file start_35.csv (CSV, C-alpha atoms)
chain,number,residue,atom,x,y,z
A,1,VAL,CA,119.5,94.3,121.6
A,2,VAL,CA,115.9,94.8,122.5
A,3,ILE,CA,115.0,94.8,118.8
A,4,ARG,CA,116.9,91.6,118.1
A,5,ASP,CA,115.4,89.9,121.1
A,6,LEU,CA,111.9,90.7,120.0
A,7,LEU,CA,112.6,89.6,116.4
A,8,GLU,CA,114.1,86.3,117.7
A,9,LEU,CA,110.9,85.7,119.7
A,10,TYR,CA,108.8,86.3,116.6
A,11,SER,CA,111.0,84.0,114.6
A,12,GLU,CA,110.4,81.3,117.2
A,13,PHE,CA,106.7,82.0,116.9
A,14,GLU,CA,106.9,81.5,113.2
A,15,THR,CA,108.6,78.1,113.6
A,16,LYS,CA,106.2,76.8,116.3
A,17,ASN,CA,103.1,77.8,114.3
A,18,ASN,CA,104.4,76.6,110.9
A,19,ILE,CA,104.1,80.0,109.3
A,20,GLU,CA,105.3,79.5,105.7
A,21,PHE,CA,105.6,83.1,104.6
A,22,SER,CA,106.0,86.4,106.4
A,23,VAL,CA,105.9,90.0,105.3
A,24,ALA,CA,107.4,93.0,107.1
A,25,LYS,CA,106.8,96.7,106.1
A,26,ILE,CA,109.2,99.0,107.9
A,27,ASN,CA,109.7,102.8,107.7
A,28,ARG,CA,112.7,103.4,105.5
A,29,ASN,CA,114.3,105.5,108.3
A,30,GLN,CA,114.3,102.4,110.7
A,31,VAL,CA,117.6,101.1,109.3
A,32,LYS,CA,118.6,99.1,112.3
A,33,VAL,CA,115.3,97.2,112.3
A,34,ILE,CA,115.7,96.4,108.6
A,35,ASP,CA,119.2,95.2,109.2
A,36,GLU,CA,118.1,92.9,112.1
A,37,LEU,CA,115.3,91.5,109.9
A,38,LYS,CA,117.8,90.6,107.3
A,39,ILE,CA,119.9,88.8,109.9
A,40,ILE,CA,117.0,86.4,110.7
A,41,GLY,CA,116.3,85.7,107.0
A,42,TYR,CA,114.1,88.5,105.6
A,43,LYS,CA,115.0,89.8,102.1
A,44,ILE,CA,114.3,93.3,100.9
A,45,ILE,CA,111.8,93.2,98.0
A,46,GLU,CA,110.9,96.8,97.3
A,47,GLU,CA,110.6,100.3,98.6
A,48,THR,CA,107.4,102.2,98.3
A,49,THR,CA,106.4,105.8,98.6
A,50,THR,CA,102.9,106.7,100.0
A,51,TYR,CA,101.4,110.0,99.1
A,52,TYR,CA,98.5,111.8,100.7
A,53,TYR,CA,96.0,114.0,99.0
A,54,SER,CA,93.8,116.5,100.9
A,55,SER,CA,90.4,117.1,99.6
A,56,LEU,CA,90.9,120.7,100.7
A,57,ASN,CA,93.1,121.1,97.6
A,58,GLN,CA,92.0,122.9,94.5
A,59,PRO,CA,89.1,121.2,92.7
A,60,ILE,CA,90.2,118.7,90.0
A,61,ALA,CA,88.9,119.4,86.5
A,62,ASN,CA,88.6,116.3,84.5
A,63,ASP,CA,85.9,116.0,81.9
A,64,ASP,CA,87.5,113.2,79.9
A,65,ARG,CA,84.6,111.5,78.1
A,66,ASN,CA,86.6,108.4,77.5
A,67,ILE,CA,86.3,107.5,81.2
A,68,ARG,CA,83.3,105.7,82.7
A,69,VAL,CA,82.3,103.5,85.6
A,70,ALA,CA,83.3,99.9,85.1
A,71,GLU,CA,80.7,97.3,84.4
A,72,LYS,CA,80.8,93.5,85.0
A,73,SER,CA,81.2,93.0,81.2
A,74,ASP,CA,84.6,94.7,81.5
A,75,LEU,CA,86.0,92.0,83.8
A,76,GLU,CA,87.9,90.1,81.1
A,77,ASN,CA,89.5,93.2,79.8
A,78,LEU,CA,90.5,94.3,83.4
A,79,LYS,CA,92.1,90.9,84.0
A,80,ARG,CA,94.0,91.1,80.7
A,81,ILE,CA,95.4,94.5,81.6
A,82,VAL,CA,96.3,93.8,85.2
A,83,ILE,CA,98.6,90.8,84.3
A,84,GLN,CA,100.6,93.1,82.0
A,85,THR,CA,102.0,94.7,85.2
A,86,ASP,CA,105.1,92.9,86.2
A,87,ASN,CA,106.7,95.2,88.8
A,88,THR,CA,104.8,94.3,91.9
A,89,ARG,CA,106.4,93.1,95.1
A,90,PHE,CA,105.2,89.6,94.3
A,91,HIS,CA,106.9,89.7,90.9
A,92,ASN,CA,110.1,90.8,92.6
A,93,ASP,CA,110.1,87.8,94.9
A,94,LYS,CA,111.5,84.7,93.1
A,95,ILE,CA,109.5,82.3,95.3
A,96,PHE,CA,106.3,83.3,93.3
A,97,SER,CA,106.0,82.2,89.7
A,98,LYS,CA,104.5,84.7,87.2
A,99,LYS,CA,101.6,82.3,86.8
A,100,LYS,CA,100.8,82.3,90.5
A,101,VAL,CA,101.0,86.1,90.7
A,102,ASP,CA,98.8,86.5,87.6
A,103,GLU,CA,96.2,84.2,89.2
A,104,PHE,CA,96.3,86.2,92.4
A,105,ARG,CA,95.8,89.5,90.6
A,106,LYS,CA,93.0,88.2,88.5
A,107,THR,CA,91.2,87.0,91.7
A,108,TRP,CA,91.7,90.4,93.2
A,109,ILE,CA,90.1,92.0,90.2
A,110,ILE,CA,87.1,89.7,90.4
A,111,ASN,CA,86.6,90.6,94.1
A,112,LEU,CA,86.4,94.3,93.2
A,113,PHE,CA,82.9,93.8,91.8
A,114,SER,CA,81.6,92.2,95.0
A,115,ASP,CA,82.7,95.1,97.3
A,116,HIS,CA,80.4,98.1,97.2
A,117,GLU,CA,83.0,100.2,99.0
A,118,LYS,CA,85.2,100.1,95.9
A,119,LYS,CA,84.8,102.0,92.7
A,120,VAL,CA,86.4,101.1,89.4
A,121,TYR,CA,86.7,103.5,86.5
A,122,VAL,CA,87.8,102.5,83.0
A,123,TYR,CA,89.4,104.4,80.1
A,124,THR,CA,88.0,103.4,76.7
A,125,ILE,CA,89.1,104.1,73.1
A,126,HIS,CA,86.6,103.1,70.5
A,127,ASP,CA,84.7,101.2,73.2
A,128,ASN,CA,87.8,99.1,74.0
A,129,VAL,CA,89.0,99.2,77.6
A,130,VAL,CA,92.7,100.2,77.7
A,131,GLY,CA,93.1,101.2,81.3
A,132,PHE,CA,91.5,101.4,84.7
A,133,VAL,CA,91.8,102.8,88.3
A,134,THR,CA,90.3,101.6,91.5
A,135,VAL,CA,89.4,103.8,94.5
A,136,GLU,CA,87.8,103.1,97.9
A,137,SER,CA,87.0,104.7,101.2
A,138,ASN,CA,86.4,103.4,104.7
A,139,ASN,CA,83.3,104.0,106.8
A,140,LYS,CA,85.0,105.9,109.6
A,141,GLY,CA,84.2,109.5,110.3
A,142,ASN,CA,87.4,110.8,108.8
A,143,LYS,CA,86.5,109.0,105.5
A,144,GLU,CA,90.0,108.1,104.3
A,145,GLY,CA,90.3,107.2,100.6
A,146,VAL,CA,92.8,104.9,98.9
A,147,LEU,CA,93.8,104.5,95.3
A,148,LYS,CA,94.4,100.8,95.2
A,149,LEU,CA,95.4,100.1,91.7
A,150,ILE,CA,95.9,101.8,88.4
A,151,ALA,CA,96.9,100.1,85.2
A,152,VAL,CA,97.1,100.9,81.5
A,153,ASP,CA,97.4,98.5,78.5
A,154,ASN,CA,101.0,98.3,77.4
A,155,LYS,CA,100.1,99.5,73.9
A,156,TYR,CA,98.6,102.8,75.2
A,157,ARG,CA,101.1,103.8,77.8
A,158,GLY,CA,102.8,107.2,77.5
A,159,LYS,CA,99.6,108.9,76.1
A,160,GLY,CA,98.3,110.6,79.2
A,161,ILE,CA,95.8,107.9,80.0
A,162,GLY,CA,97.3,107.2,83.4
A,163,THR,CA,97.2,110.9,84.3
A,164,SER,CA,93.6,111.2,83.2
A,165,LEU,CA,92.7,108.2,85.4
A,166,VAL,CA,94.5,109.7,88.4
A,167,LYS,CA,92.5,113.0,88.0
A,168,THR,CA,89.3,110.9,88.0
A,169,ALA,CA,90.4,109.3,91.2
A,170,LEU,CA,91.3,112.6,92.8
A,171,LYS,CA,88.0,114.1,91.8
A,172,TRP,CA,86.2,111.1,93.4
A,173,PHE,CA,88.3,111.6,96.5
A,174,ASN,CA,87.2,115.3,96.6
A,175,ASN,CA,83.6,114.2,96.7
A,176,ASN,CA,83.9,111.3,99.1
A,177,CYS,CA,86.9,111.6,101.4
A,178,ARG,CA,88.7,114.1,103.5
A,179,ILE,CA,92.1,112.7,102.9
A,180,SER,CA,93.4,110.0,100.6
A,181,PHE,CA,96.5,107.9,100.1
A,182,ILE,CA,98.3,106.6,97.0
A,183,THR,CA,101.2,104.2,97.1
A,184,THR,CA,103.7,103.4,94.4
A,185,GLN,CA,107.2,101.9,94.1
A,186,THR,CA,109.8,104.5,94.8
A,187,SER,CA,111.7,103.4,91.7
A,188,ASN,CA,108.6,104.0,89.5
A,189,TYR,CA,109.7,107.5,88.5
A,190,PRO,CA,106.9,108.3,86.0
A,191,SER,CA,104.2,107.5,88.6
A,192,ASN,CA,105.9,109.5,91.3
A,193,LYS,CA,106.2,112.4,89.0
A,194,MET,CA,102.6,112.1,88.0
A,195,TYR,CA,101.3,112.1,91.6
A,196,GLN,CA,103.5,115.0,92.6
A,197,LYS,CA,102.2,117.1,89.7
A,198,SER,CA,98.7,116.2,90.7
A,199,GLY,CA,99.2,117.9,94.1
A,200,CYS,CA,99.9,114.8,96.2
A,201,LYS,CA,102.5,115.1,99.0
A,202,VAL,CA,104.9,112.4,100.3
A,203,ALA,CA,103.5,110.9,103.6
A,204,TYR,CA,106.1,108.2,104.2
A,205,LYS,CA,108.3,105.6,102.6
A,206,LEU,CA,108.3,101.9,103.5
A,207,VAL,CA,110.7,99.0,102.9
A,208,THR,CA,108.9,95.7,102.2
A,209,LEU,CA,110.7,92.5,103.2
A,210,HIS,CA,109.7,88.9,102.7
A,211,LYS,CA,110.7,85.7,104.5
A,212,ASN,CA,110.1,82.3,103.1
A,213,ASN,CA,110.1,79.8,106.0
A,214,CYS,CA,109.7,76.7,103.9
A,215,PHE,CA,113.4,76.5,103.0
call {"tool": "encode", "arguments": {"input": "start_35.csv", "output": "structure tokens"}}
result
Amino acid sequence: VVIRDLLELYSEFETKNNIEFSVAKINRNQVKVIDELKIIGYKIIEETTTYYYSSLNQPIANDDRNIRVAEKSDLENLKRIVIQTDNTRFHNDKIFSKKKVDEFRKTWIINLFSDHEKKVYVYTIHDNVVGFVTVESNNKGNKEGVLKLIAVDNKYRGKGIGTSLVKTALKWFNNNCRISFITTQTSNYPSNKMYQKSGCKVAYKLVTLHKNNCF
């Protein structure tokens, strides 16, 4: 009853403040909270698994010469690759058109180059960018790292490029962070398997719900 009362109060807050779109991320174990959110109009979009990686783990060996730090001249290639990904939570929500999602993700890529806390590595074949990974850390004393995004050109998937990029990210974490986090969709079995093989451990699982208040 307490949960329902609180959610109803928040629903009233949304209405009074003309909030058009709301997002809730709830621990998968909180089944009752998720059910109550569904009652007031939220829809489940996806479930994600977040892994943690401790820099106290064994050193990561990755001397792949095809990987280098991204340059601004790589921007168009990064935008081309990122819109090939069609399994994000925004793609899974029908209120967002693919065009709108693509524009959002392109803007996100552009902003990477203006944030010095973020690092982007690209994988190249014959000087052509075919994949990339982004990592970052906060400025707090515990220096937590996050792998924000990894993407590989559709034509080159299944060739170990993603694994090599992950190793590059983990090596960067070893040198810059004490602990780091990586999130992927629970249904993305290849990615989950790749992170587990790389020494990452499950931290928690979240259910993401969206509510469109315009309808």
call {"tool": "closest_residue", "arguments": {"input": "start_35.csv", "among": "A:Phe13, A:Tyr123, A:Ile44, A:Asp115", "to": "Arg28 of chain A", "atoms": "only C-alpha atoms"}}
result
A:Ile44
call {"tool": "residues_around", "arguments": {"input": "start_35.csv", "residues": "Lys119 of chain A", "least_positions_apart": "4", "cutoff": "12 Å", "atoms": "only C-alpha atoms", "output": "list of chain:residue names"}}
result
A:Arg68, A:Val69, A:Ala70, A:Glu71, A:Ile109, A:Asn111, A:Leu112, A:Phe113, A:Ser114, A:Asp115, A:Phe132, A:Val133, A:Thr134, A:Val135, A:Glu136, A:Ser137, A:Gly145, A:Val146, A:Leu147, A:Lys148, A:Leu149, A:Ile150, A:Thr168, A:Ala169, A:Trp172, A:Phe173, A:Asn176
call {"tool": "atom_distance", "arguments": {"input": "start_35.csv", "atom1": "atom CA of Gln30 of chain A", "atom2": "atom CA of Tyr53 of chain A"}}
result
24.6 Å
call {"tool": "residues_around", "arguments": {"input": "start_35.csv", "residues": "Val23 of chain A", "least_positions_apart": "5", "cutoff": "12 Å", "atoms": "all atoms listed in the file", "output": "ChimeraX atom specification"}}
result
/A:14,37,41-46,89-90,93,207-213
call {"tool": "closest_residue", "arguments": {"input": "start_35.csv", "among": "A:Val33, A:Asp127, A:Asp74, A:Ile26", "to": "Val2 of chain A", "atoms": "all atoms listed in the file"}}
result
A:Val33
call {"tool": "atom_distance", "arguments": {"input": "start_35.csv", "atom1": "atom CA of Ala24 of chain A", "atom2": "atom CA of Ile3 of chain A"}}
result
14.1 Å
call {"tool": "residues_near_point", "arguments": {"input": "start_35.csv", "point": "(104.4, 114.9, 84.3)", "cutoff": "12 Å", "atoms": "all atoms listed in the file", "output": "VMD selection string"}}
result
chain A and resid 158 to 164 166 189 to 199
call {"tool": "residues_around", "arguments": {"input": "start_35.csv", "residues": "Asn154 of chain A", "least_positions_apart": "6", "cutoff": "12 Å", "atoms": "all atoms listed in the file", "output": "list of chain:residue names"}}
result
A:Arg80, A:Ile81, A:Val82, A:Ile83, A:Gln84, A:Thr85, A:Asp86, A:Val130, A:Gly131, A:Ile161, A:Gly162
call {"tool": "closest_residue", "arguments": {"input": "start_35.csv", "among": "A:Asn175, A:Asn17, A:Asn188, A:Thr49", "to": "Glu144 of chain A", "atoms": "only C-alpha atoms"}}
result
A:Asn175
call {"tool": "residues_around", "arguments": {"input": "start_35.csv", "residues": "Asn27 of chain A", "least_positions_apart": "5", "cutoff": "8 Å", "atoms": "only C-alpha atoms", "output": "list in words"}}
result
Tyr204, Lys205, Leu206 and Val207 of chain A
call {"tool": "write_last_selection", "arguments": {"input": "start_35.csv", "atoms": "C-alpha atoms", "output": "PDB file, in the frame of the given file"}}
result
ATOM      1  CA  TYR A 204     106.100 108.200 104.200  1.00  0.00           C
ATOM      2  CA  LYS A 205     108.300 105.600 102.600  1.00  0.00           C
ATOM      3  CA  LEU A 206     108.300 101.900 103.500  1.00  0.00           C
ATOM      4  CA  VAL A 207     110.700  99.000 102.900  1.00  0.00           C
TER       5      VAL A 207
END
call {"tool": "closest_residue", "arguments": {"input": "start_35.csv", "among": "A:Cys177, A:Ile34, A:Ile19, A:Val129", "to": "Lys155 of chain A", "atoms": "all atoms listed in the file"}}
result
A:Val129
call {"tool": "atom_distance", "arguments": {"input": "start_35.csv", "atom1": "atom CA of Val202 of chain A", "atom2": "atom CA of Phe181 of chain A"}}
result
9.5 Å
call {"tool": "closest_residue", "arguments": {"input": "start_35.csv", "among": "A:Arg65, A:Lys100, A:Arg105, A:Arg157", "to": "Tyr121 of chain A", "atoms": "only C-alpha atoms"}}
result
A:Arg65
call {"tool": "closest_residue", "arguments": {"input": "start_35.csv", "among": "A:Lys106, A:Tyr52, A:Asn128, A:Lys98", "to": "Ser73 of chain A", "atoms": "all atoms listed in the file"}}
result
A:Asn128
